[in-house]
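Below is one structure; the comments refer to it alone.
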Amino acid sequence: MSSTPRTTGFTATPGTAPRPRPVGRRGRRRLLTALLGLVVLLAAFTVWTNTRPVRLTAAMEIQATPEEVWQVLTDFAAYPEWNPFMTSAEVTSKGGRLEKGARMRNVLHSGTGDTTFTPEILAAEPGRELRWLGRMGPGWIADGEHRFLIEQTGPGRVRLTQSEEFTGVAVPFVAGQLKSDTLPQFRAMNEALAQRAEALSR
């Protein structure tokens, strides 16, 4: 019984391994199209994650003046004594001044351990606002803009709002963890800060 030999797509000579045919122009075009599509999808996802940030907010009323709350908030050397969330903070820029553009080194404590960030200060308005930006990676993986806002609500009374806005391609995958783990840490720090500021005001 005779049969017709099949074409395998490979050429070979005796004593050598089969060699694949080179990719043709059509194959290269398909590969480039697929790669371009992947790049477009990644770019679109990056834009989407930066226009839909995850926001965490925790606010608390404190029986103290804006100046007293600011004093406790910016006394970084005392953080290990009372702060359950941000156990260490310092300005690392030359001169050590708390001002826009300066760099910090902050250690955040959680149930999984300590994490160190080196954010850049975006605003430092005494008695009013402290804000910084921390980055993980080149800037599009995960960014966090952390803010403390102090608003006077009456004589010797303020509202402290601690918040953070997270953007980046990694954020949607950890949004649930941020809300369940990090937000309670904001509240714990606010409560501890309130106790210290109210003791200072007595």
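Just remember, in the structure tokens the first chain shown is A, the second B, etc., residues are 1-based per chain, and ligands are 1-based in the order shown.
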
Mind checking which residues fall within 8 Å of Leu98 of chain A, counting only C-alpha atoms, ignoring those fewer than 6 positions away in the same chain, and posting them as a compact mmCIF listing (two decimals) with N, CA and C atoms, in the first residue's frame?
```txt
# COMPACT_ATOMS: atom_id res chain seq x y z
N VAL A 91 12.83 64.09 58.39
CA VAL A 91 13.18 64.81 57.16
C VAL A 91 14.64 64.53 56.88
N ILE A 121 7.86 65.89 50.16
CA ILE A 121 6.84 66.77 50.74
C ILE A 121 6.27 67.69 49.66
N ALA A 124 3.58 71.94 53.33
CA ALA A 124 3.83 71.97 54.78
C ALA A 124 3.42 73.34 55.28
```

Exercise for the section: Give the strand (DSSP E) residues of segment 44-175 of chain A, as assigned by DSSP on the backbone, as a ChimeraX atom specification. Expected result: /A:54-62,86-91,104-110,113-117,120-125,129-136,142-154,157-167

Handout entry: Who sits within 8 Å of Trp82 of chain A, only C-alpha atoms, same chain under 3 positions skipped, as a PyMOL selection string
Key = chain A and resi 78-79+192-193+196

Please produce a file of the residues just selected, as a short mmCIF file (atom, residue, chain, number, x, y, z; two decimals), in the first residue's frame, where the atoms kept are C-alpha atoms.
```cif
data_model
loop_
_atom_site.label_atom_id
_atom_site.label_comp_id
_atom_site.auth_asym_id
_atom_site.auth_seq_id
_atom_site.Cartn_x
_atom_site.Cartn_y
_atom_site.Cartn_z
CA ALA A 78 8.46 61.57 69.45
CA TYR A 79 6.62 59.24 67.04
CA ALA A 192 -3.42 58.47 69.46
CA LEU A 193 -2.61 61.92 68.10
CA ARG A 196 -1.55 63.50 72.90
#
```

Using only C-alpha atoms, which protein or nucleic acid residues come within 12 Å of Phe166 of chain A? Drop anything in the same chain fewer than 5 positions from it, and give the result as an mmCIF file with N, CA and C atoms, in the first residue's frame.
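Result file follows (result-v3.cif):
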```
data_model
loop_
_atom_site.group_PDB
_atom_site.id
_atom_site.type_symbol
_atom_site.label_atom_id
_atom_site.label_comp_id
_atom_site.auth_asym_id
_atom_site.auth_seq_id
_atom_site.Cartn_x
_atom_site.Cartn_y
_atom_site.Cartn_z
ATOM 1 N N THR A 49 -6.170 53.429 35.698
ATOM 2 C CA THR A 49 -5.864 53.355 37.131
ATOM 3 C C THR A 49 -5.492 54.708 37.706
ATOM 4 N N ASN A 50 -4.941 55.600 36.883
ATOM 5 C CA ASN A 50 -4.573 56.931 37.375
ATOM 6 C C ASN A 50 -5.742 57.895 37.381
ATOM 7 N N THR A 51 -6.818 57.572 36.672
ATOM 8 C CA THR A 51 -8.015 58.422 36.692
ATOM 9 C C THR A 51 -9.063 57.891 37.663
ATOM 10 N N ARG A 52 -8.822 56.710 38.228
ATOM 11 C CA ARG A 52 -9.742 56.118 39.202
ATOM 12 C C ARG A 52 -8.965 55.732 40.463
ATOM 13 N N PRO A 53 -8.512 56.718 41.223
ATOM 14 C CA PRO A 53 -7.697 56.421 42.407
ATOM 15 C C PRO A 53 -8.523 55.753 43.507
ATOM 16 N N VAL A 54 -7.826 55.041 44.376
ATOM 17 C CA VAL A 54 -8.435 54.505 45.594
ATOM 18 C C VAL A 54 -8.166 55.511 46.705
ATOM 19 N N ARG A 55 -9.223 55.981 47.353
ATOM 20 C CA ARG A 55 -9.078 57.002 48.395
ATOM 21 C C ARG A 55 -9.448 56.421 49.751
ATOM 22 N N LEU A 56 -8.587 56.691 50.733
ATOM 23 C CA LEU A 56 -8.857 56.335 52.117
ATOM 24 C C LEU A 56 -8.945 57.617 52.927
ATOM 25 N N THR A 57 -9.947 57.730 53.797
ATOM 26 C CA THR A 57 -10.130 58.947 54.595
ATOM 27 C C THR A 57 -10.582 58.578 56.003
ATOM 28 N N LEU A 133 4.138 62.842 48.835
ATOM 29 C CA LEU A 133 3.906 61.851 47.783
ATOM 30 C C LEU A 133 4.954 60.762 47.879
ATOM 31 N N GLY A 134 4.481 59.521 48.035
ATOM 32 C CA GLY A 134 5.372 58.371 48.061
ATOM 33 C C GLY A 134 5.182 57.537 46.810
ATOM 34 N N ARG A 135 6.274 56.993 46.290
ATOM 35 C CA ARG A 135 6.208 56.193 45.060
ATOM 36 C C ARG A 135 6.801 54.809 45.288
ATOM 37 N N MET A 136 6.184 53.833 44.645
ATOM 38 C CA MET A 136 6.728 52.483 44.622
ATOM 39 C C MET A 136 7.105 52.178 43.176
ATOM 40 N N GLY A 139 6.967 55.051 39.338
ATOM 41 C CA GLY A 139 5.956 56.095 39.414
ATOM 42 C C GLY A 139 4.620 55.707 38.835
ATOM 43 N N TRP A 140 4.546 54.664 38.016
ATOM 44 C CA TRP A 140 3.261 54.252 37.467
ATOM 45 C C TRP A 140 2.794 52.929 38.075
ATOM 46 N N ILE A 141 3.632 52.330 38.925
ATOM 47 C CA ILE A 141 3.235 51.072 39.565
ATOM 48 C C ILE A 141 2.293 51.354 40.731
ATOM 49 N N ALA A 142 2.713 52.211 41.663
ATOM 50 C CA ALA A 142 1.850 52.581 42.787
ATOM 51 C C ALA A 142 2.357 53.880 43.399
ATOM 52 N N ASP A 143 1.516 54.891 43.430
ATOM 53 C CA ASP A 143 1.805 56.170 44.072
ATOM 54 C C ASP A 143 0.794 56.388 45.187
ATOM 55 N N GLY A 144 1.248 57.030 46.265
ATOM 56 C CA GLY A 144 0.342 57.363 47.348
ATOM 57 C C GLY A 144 0.552 58.794 47.797
ATOM 58 N N GLU A 145 -0.486 59.616 47.682
ATOM 59 C CA GLU A 145 -0.412 61.008 48.153
ATOM 60 C C GLU A 145 -1.113 61.089 49.506
ATOM 61 N N HIS A 146 -0.299 61.250 50.548
ATOM 62 C CA HIS A 146 -0.785 61.231 51.935
ATOM 63 C C HIS A 146 -0.989 62.659 52.411
ATOM 64 N N ARG A 147 -2.106 62.878 53.127
ATOM 65 C CA ARG A 147 -2.440 64.247 53.539
ATOM 66 C C ARG A 147 -2.997 64.280 54.956
ATOM 67 N N VAL A 171 -2.525 49.147 42.086
ATOM 68 C CA VAL A 171 -3.503 49.525 43.112
ATOM 69 C C VAL A 171 -4.811 48.737 43.039
ATOM 70 N N PRO A 172 -5.414 48.529 41.845
ATOM 71 C CA PRO A 172 -6.682 47.782 41.824
ATOM 72 C C PRO A 172 -6.584 46.397 42.439
ATOM 73 N N PHE A 173 -5.395 45.797 42.415
ATOM 74 C CA PHE A 173 -5.229 44.441 42.929
ATOM 75 C C PHE A 173 -5.083 44.397 44.451
ATOM 76 N N VAL A 174 -4.830 45.553 45.081
ATOM 77 C CA VAL A 174 -4.666 45.594 46.542
ATOM 78 C C VAL A 174 -5.660 46.554 47.191
ATOM 79 N N ALA A 175 -6.655 47.008 46.423
ATOM 80 C CA ALA A 175 -7.615 47.984 46.952
ATOM 81 C C ALA A 175 -8.338 47.449 48.186
ATOM 82 N N LEU A 178 -6.023 47.540 51.181
ATOM 83 C CA LEU A 178 -5.816 48.900 51.666
ATOM 84 C C LEU A 178 -6.975 49.333 52.568
ATOM 85 N N LYS A 179 -8.187 49.022 52.156
ATOM 86 C CA LYS A 179 -9.357 49.435 52.925
ATOM 87 C C LYS A 179 -9.499 48.640 54.221
ATOM 88 N N THR A 182 -5.129 49.129 55.965
ATOM 89 C CA THR A 182 -4.502 50.445 56.119
ATOM 90 C C THR A 182 -5.436 51.470 56.744
#
```

Handout entry: Long-range neighbours of segment 101-108 of chain A as a list in words, 8 Å cut-off, only C-alpha atoms, 5 positions minimum in chain
Key = Phe85, Met86, Thr87, Ser88, Ala89, Glu90, Val91, Thr92, Ser93, Asp114, Thr115, Thr116, Phe117, Thr118, Pro119, Glu120, Ile121 and Leu122 of chain A

Export of prior selection with N, CA, C and O atoms as an mmCIF file, in the first residue's frame:
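Written out: out06.cif:
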```
data_model
loop_
_atom_site.group_PDB
_atom_site.id
_atom_site.type_symbol
_atom_site.label_atom_id
_atom_site.label_comp_id
_atom_site.auth_asym_id
_atom_site.auth_seq_id
_atom_site.Cartn_x
_atom_site.Cartn_y
_atom_site.Cartn_z
ATOM 1 N N PHE A 85 0.986 53.622 64.050
ATOM 2 C CA PHE A 85 1.009 53.377 62.607
ATOM 3 C C PHE A 85 2.318 53.824 61.972
ATOM 4 O O PHE A 85 3.013 53.045 61.324
ATOM 5 N N MET A 86 2.673 55.087 62.166
ATOM 6 C CA MET A 86 3.906 55.635 61.609
ATOM 7 C C MET A 86 4.921 55.688 62.747
ATOM 8 O O MET A 86 5.042 56.673 63.462
ATOM 9 N N THR A 87 5.644 54.605 62.897
ATOM 10 C CA THR A 87 6.496 54.460 64.078
ATOM 11 C C THR A 87 7.787 55.263 63.988
ATOM 12 O O THR A 87 8.491 55.421 64.981
ATOM 13 N N SER A 88 8.116 55.769 62.810
ATOM 14 C CA SER A 88 9.322 56.582 62.645
ATOM 15 C C SER A 88 9.133 57.507 61.457
ATOM 16 O O SER A 88 8.575 57.117 60.430
ATOM 17 N N ALA A 89 9.586 58.748 61.608
ATOM 18 C CA ALA A 89 9.523 59.721 60.511
ATOM 19 C C ALA A 89 10.622 60.750 60.716
ATOM 20 O O ALA A 89 10.892 61.162 61.842
ATOM 21 N N GLU A 90 11.240 61.134 59.627
ATOM 22 C CA GLU A 90 12.270 62.165 59.704
ATOM 23 C C GLU A 90 12.448 62.825 58.352
ATOM 24 O O GLU A 90 12.227 62.211 57.306
ATOM 25 N N VAL A 91 12.832 64.090 58.392
ATOM 26 C CA VAL A 91 13.178 64.812 57.162
ATOM 27 C C VAL A 91 14.643 64.530 56.879
ATOM 28 O O VAL A 91 15.511 64.782 57.723
ATOM 29 N N THR A 92 14.925 63.993 55.710
ATOM 30 C CA THR A 92 16.295 63.587 55.385
ATOM 31 C C THR A 92 17.015 64.580 54.483
ATOM 32 O O THR A 92 18.223 64.436 54.259
ATOM 33 N N SER A 93 16.319 65.569 53.962
ATOM 34 C CA SER A 93 16.963 66.563 53.103
ATOM 35 C C SER A 93 17.923 67.424 53.908
ATOM 36 O O SER A 93 17.791 67.570 55.126
ATOM 37 N N ASP A 114 7.048 45.971 59.005
ATOM 38 C CA ASP A 114 7.340 47.388 58.770
ATOM 39 C C ASP A 114 7.702 47.625 57.306
ATOM 40 O O ASP A 114 8.349 46.795 56.669
ATOM 41 N N THR A 115 7.274 48.787 56.795
ATOM 42 C CA THR A 115 7.578 49.190 55.428
ATOM 43 C C THR A 115 8.169 50.592 55.454
ATOM 44 O O THR A 115 7.632 51.479 56.125
ATOM 45 N N THR A 116 9.256 50.804 54.744
ATOM 46 C CA THR A 116 9.918 52.107 54.707
ATOM 47 C C THR A 116 9.634 52.811 53.391
ATOM 48 O O THR A 116 9.760 52.215 52.311
ATOM 49 N N PHE A 117 9.232 54.077 53.471
ATOM 50 C CA PHE A 117 8.988 54.900 52.301
ATOM 51 C C PHE A 117 9.845 56.162 52.382
ATOM 52 O O PHE A 117 10.188 56.626 53.471
ATOM 53 N N THR A 118 10.179 56.722 51.233
ATOM 54 C CA THR A 118 10.953 57.972 51.182
ATOM 55 C C THR A 118 10.188 58.989 50.339
ATOM 56 O O THR A 118 10.569 59.280 49.203
ATOM 57 N N PRO A 119 9.117 59.548 50.880
ATOM 58 C CA PRO A 119 8.273 60.450 50.099
ATOM 59 C C PRO A 119 8.867 61.852 49.969
ATOM 60 O O PRO A 119 9.781 62.243 50.700
ATOM 61 N N GLU A 120 8.287 62.595 49.034
ATOM 62 C CA GLU A 120 8.637 64.008 48.838
ATOM 63 C C GLU A 120 7.507 64.868 49.385
ATOM 64 O O GLU A 120 6.323 64.612 49.105
ATOM 65 N N ILE A 121 7.856 65.886 50.156
ATOM 66 C CA ILE A 121 6.842 66.774 50.740
ATOM 67 C C ILE A 121 6.266 67.691 49.662
ATOM 68 O O ILE A 121 6.999 68.366 48.941
ATOM 69 N N LEU A 122 4.939 67.703 49.560
ATOM 70 C CA LEU A 122 4.252 68.555 48.591
ATOM 71 C C LEU A 122 3.736 69.839 49.228
ATOM 72 O O LEU A 122 3.595 70.855 48.552
#
```

Exercise for the section: Find the distance between atom CA of Pro80 of chain A and atom CA of Met189 of chain A and write it in Å to one decimal. Expected result: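 Between atom CA of Pro80 of chain A and atom CA of Met189 of chain A the gap works out to 11.8 Å.
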
Handout entry: Atom pair atom CA of Ile62 of chain A / atom CA of Ala77 of chain A: separation (Å)
Key = 21.8 Å

Practice task
Considering only C-alpha atoms, state which residue in the set A:Gly24, A:Pro84, A:Pro66, A:Gly154 is at the smallest distance from Gln185 of chain A.
Solution key: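 Nearest to Gln185 of chain A: A:Pro84.
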
Handout entry: Long-range neighbours of Ile150 of chain A as a list of chain:residue names, 9 Å cut-off, only C-alpha atoms, 5 positions minimum in chain
Key = A:Pro66, A:Val69, A:Trp70, A:Gly127, A:Arg128, A:Glu129, A:Leu130, A:Val158, A:Arg159, A:Leu160, A:Thr161, A:Gln162
